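Undergrad: One structure coming up, written as structure tokens, with questions to follow.
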Amino acid sequence: MEFPESNERRKKLGQAIMFGLSRGISYGIVALLFLILFFIVKQGIGVINWEFLTAMPTDGMTKGGIWPAIVGTVYLVLGSMLFAFPVGVMAGIYVNEYAVAGPVKRFVKMMTNNLAGVPSIIFGLFGMALFVNQMGFGASILAGSLTLGLLALPIVIRTTEEALKSVDDTFRQASYALGGSKLYTIRKVVLPIALPNILTGLILAVGRVSGETAPILFTVAAYFLPKLPSSIMDQAMALPYHLYVISTSGTQIEASRPMAYGTAFVLVVIVLIVNIAAALLRNYFGKKVKMN
Amino acid sequence: MANKLETIDVHLHYGEFHALKGISLAIPDHSVTALIGPSGCGKSTYLRLFNRMNDLIPYTKITGQVLMDGEDIYKIKSSKIDHLRRTVGMVFQKPNPFPKSIFENVAYGLRVNGISDNSFIENQVEKTLRQAALWEEVKDKLKKSAFELSGGQQQRLCIARALAIEPTVILMDEPASALDPISTGKIEDLIFELKDQYTIIIVTHNMQQAGRVSDYTGFFYLGNLIEFDKTKKIFTNPSKQETENYITGRFG
């Protein structure tokens, strides 16, 4: 049988176009990311100095530093993770290890996914209604952390669930076959194997939480505070909200422009540091439980 | 010889699928019984009756009697299942040591069951690793990860892990199917060594292996036990045509 030569050429051409296109797009995305980073670094690096990082804002937030916003963001990230991590991991364990396949499990999973899709401003409103007003926490680090924690919850649940799902069933069976209870098996075998991937969920959640503005708007964020928060019932400043404030509603927006870029720079660097730290942590645990 | 294990008219359904169709079989104490048959014939399912591992699969329905030392192990309280599994060790198809040290793998079954006396655990780990013919190879690296061992060593480690809690029955689900011939030979030697003290049931796809290691052989086909007899009889003069066809490689 004779196969037409033209078909071969067409196949080759099609391959080349598709390959070139997808490669171009993925390179483009990387380039875009670098462009954003470059822009922020170029605009922001000029104002970064020791004073900017460690001083209080002065002169209507056109001078001085962003120390209280850094502190506030760190508190909020820690507080929200303190809430979301244990709760999310436990929910993930329930869904993957305990819930029996059926309508209840499907419903829980569906609702978790829906929760992830709720706009963050809705979380903010809900947090205000529940934590600030109903529970009487007022606008405080506690209320803000819980609200941000709720936002992070679906991410933690989903990644925990996926991490547990990827643990080979023969490990569980081997433990059961030795007389291990379900709880013992989860604690001693399943969780240690899944831990590196669960930590990935934590990284994602920290990244998400540290950059959110809407959920903290009504629950914790202060326009300006003359001093650092002294308890979890205090309001706090936060980097994303500070950025928003000095870019839109400061008294002298043009004068505080460099401060805004500096703030953006610091926010990006903090997220980067958290990501790297968590990735190192993940690598460390990953080595300890290395699979063959 | 007394019968260690016995099933009487056992039927097992996975949902709509009728996996075991009335299996009645008595397995003598201190012997090796091989279960053979084509994939999907029910031999692994049958094996897992004895430590109730089938219970873990949803929509499983079991009828009939499964006796161990004369007691129906499906009549015991669910809180006693852990106890049952302690007396019935299991070795899986793929070596599946835990991501822990060699020592902790063997110690796992002891710790699970509440033993915390460290000198006892140390003694037991050494004794069991010797029993599994692995001690000489690992005695200097007990703290190393079990994943640093070869596949064959890992499987012997898994056997040691099962032996550590001193079961009376050992179930082996194609324990050598993922191993090279030399490792397979070592596992088979080990099975031979162990049968004085344990009752062993081994599922295998390898006819020669069944012939080499077992005293009794059961041939399963489509959820039925076609024939059960002394291994010698099965391999030289089977009474059923299907059995002869299978072991001579004419189907399956």
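By convention in this document, the chains of the structure tokens carry letters A, B, ... by their order, each chain's residues are numbered from 1, and ligands are numbered from 1 in the order they are shown.
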Could you pull out all residues of stretch 212-264 of chain A with a DSSP call of alpha helix (DSSP H) and give them as a list in words?

TA: Ala214, Pro215, Ile216, Leu217, Leu239, Pro240, Tyr241, His242, Leu243, Tyr244, Val245, Ile246, Ser247, Thr248, Arg257, Pro258, Met259, Ala260, Tyr261, Gly262, Thr263 and Ala264 of chain A

Undergrad: Provide the atom CA of A:Leu82 to atom CA of A:Tyr184 distance in Å, to one decimal place.

TA: 24.0 Å

Undergrad: List every residue of chain A that has an atom at most 12 Å from any atom of chain B, and for each one report the closest atom pair and its distance in Å to one decimal, counting only C-alpha atoms, with rows sorted by chain and then by increasing residue number, as a tab-separated table.

TA:
residue	atom	partner	partner_atom	distance
A:Glu97	CA	B:Leu56	CA	11.7
A:Tyr98	CA	B:Leu56	CA	11.6
A:Ala99	CA	B:Pro58	CA	11.6
A:Val100	CA	B:Pro58	CA	8.2
A:Ala101	CA	B:Pro58	CA	8.4
A:Gly102	CA	B:Pro58	CA	10.6
A:Val167	CA	B:Phe98	CA	11.3
A:Asp168	CA	B:Asn96	CA	9.3
A:Asp169	CA	B:Asn96	CA	9.9
A:Thr170	CA	B:Asn96	CA	6.7
A:Phe171	CA	B:Asn96	CA	6.4
A:Arg172	CA	B:Phe98	CA	9.6
A:Gln173	CA	B:Met53	CA	7.8
A:Ala174	CA	B:Met90	CA	7.5
A:Ser175	CA	B:Gly109	CA	7.8
A:Tyr176	CA	B:Arg85	CA	7.4
A:Ala177	CA	B:Arg85	CA	5.4
A:Leu178	CA	B:Gly109	CA	5.4
A:Gly179	CA	B:Asp82	CA	4.3
A:Gly180	CA	B:Val112	CA	5.5
A:Ser181	CA	B:Asp82	CA	7.0
A:Lys182	CA	B:Asp82	CA	10.1
A:Leu183	CA	B:Val112	CA	10.6
A:Tyr184	CA	B:Val112	CA	7.2
A:Thr185	CA	B:Val112	CA	8.7
A:Ile186	CA	B:Val112	CA	11.9
A:Arg187	CA	B:Val112	CA	11.1
A:Lys188	CA	B:Tyr108	CA	9.2
A:Val189	CA	B:Phe98	CA	6.9
A:Val190	CA	B:Phe98	CA	9.5
A:Leu191	CA	B:Pro99	CA	11.1
A:Pro192	CA	B:Pro99	CA	8.3
A:Ile193	CA	B:Pro99	CA	7.2
A:Ala194	CA	B:Pro99	CA	11.0
A:Phe285	CA	B:Pro99	CA	11.4
A:Gly286	CA	B:Pro99	CA	10.6
A:Lys287	CA	B:Pro99	CA	10.3
A:Lys288	CA	B:Pro99	CA	8.0
A:Val289	CA	B:Pro99	CA	5.2
A:Lys290	CA	B:Pro99	CA	7.0
A:Met291	CA	B:Phe147	CA	7.0
A:Asn292	CA	B:Phe147	CA	6.2

Undergrad: If we count only C-alpha atoms and set the cut-off at 10 Å, which residues sit around A:Ile246, ignoring sequence neighbours fewer than 4 positions away in its own chain? Please answer as a PyMOL selection string.

TA: chain A and resi 60-62+223+241-242+250-260+263

Undergrad: Would you mind exporting the chosen residues as a CSV table (one decimal), in the first residue's frame, restricted to C-alpha atoms?

TA:
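Output (again28.csv):
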chain,number,residue,atom,x,y,z
A,60,GLY,CA,-0.3,60.9,57.0
A,61,MET,CA,1.4,57.7,55.9
A,62,THR,CA,3.6,59.4,53.3
A,223,TYR,CA,-6.8,52.4,58.7
A,241,TYR,CA,-5.2,46.6,53.5
A,242,HIS,CA,-2.4,49.2,54.1
A,250,GLY,CA,-4.9,58.4,51.9
A,251,THR,CA,-4.7,62.1,52.4
A,252,GLN,CA,-2.0,62.6,49.8
A,253,ILE,CA,-2.2,59.7,47.4
A,254,GLU,CA,0.6,60.9,45.1
A,255,ALA,CA,3.0,61.5,48.0
A,256,SER,CA,2.4,58.1,49.4
A,257,ARG,CA,2.8,56.3,46.1
A,258,PRO,CA,6.4,55.1,46.8
A,259,MET,CA,5.2,53.8,50.2
A,260,ALA,CA,2.6,51.8,48.3
A,263,THR,CA,4.5,47.8,50.8
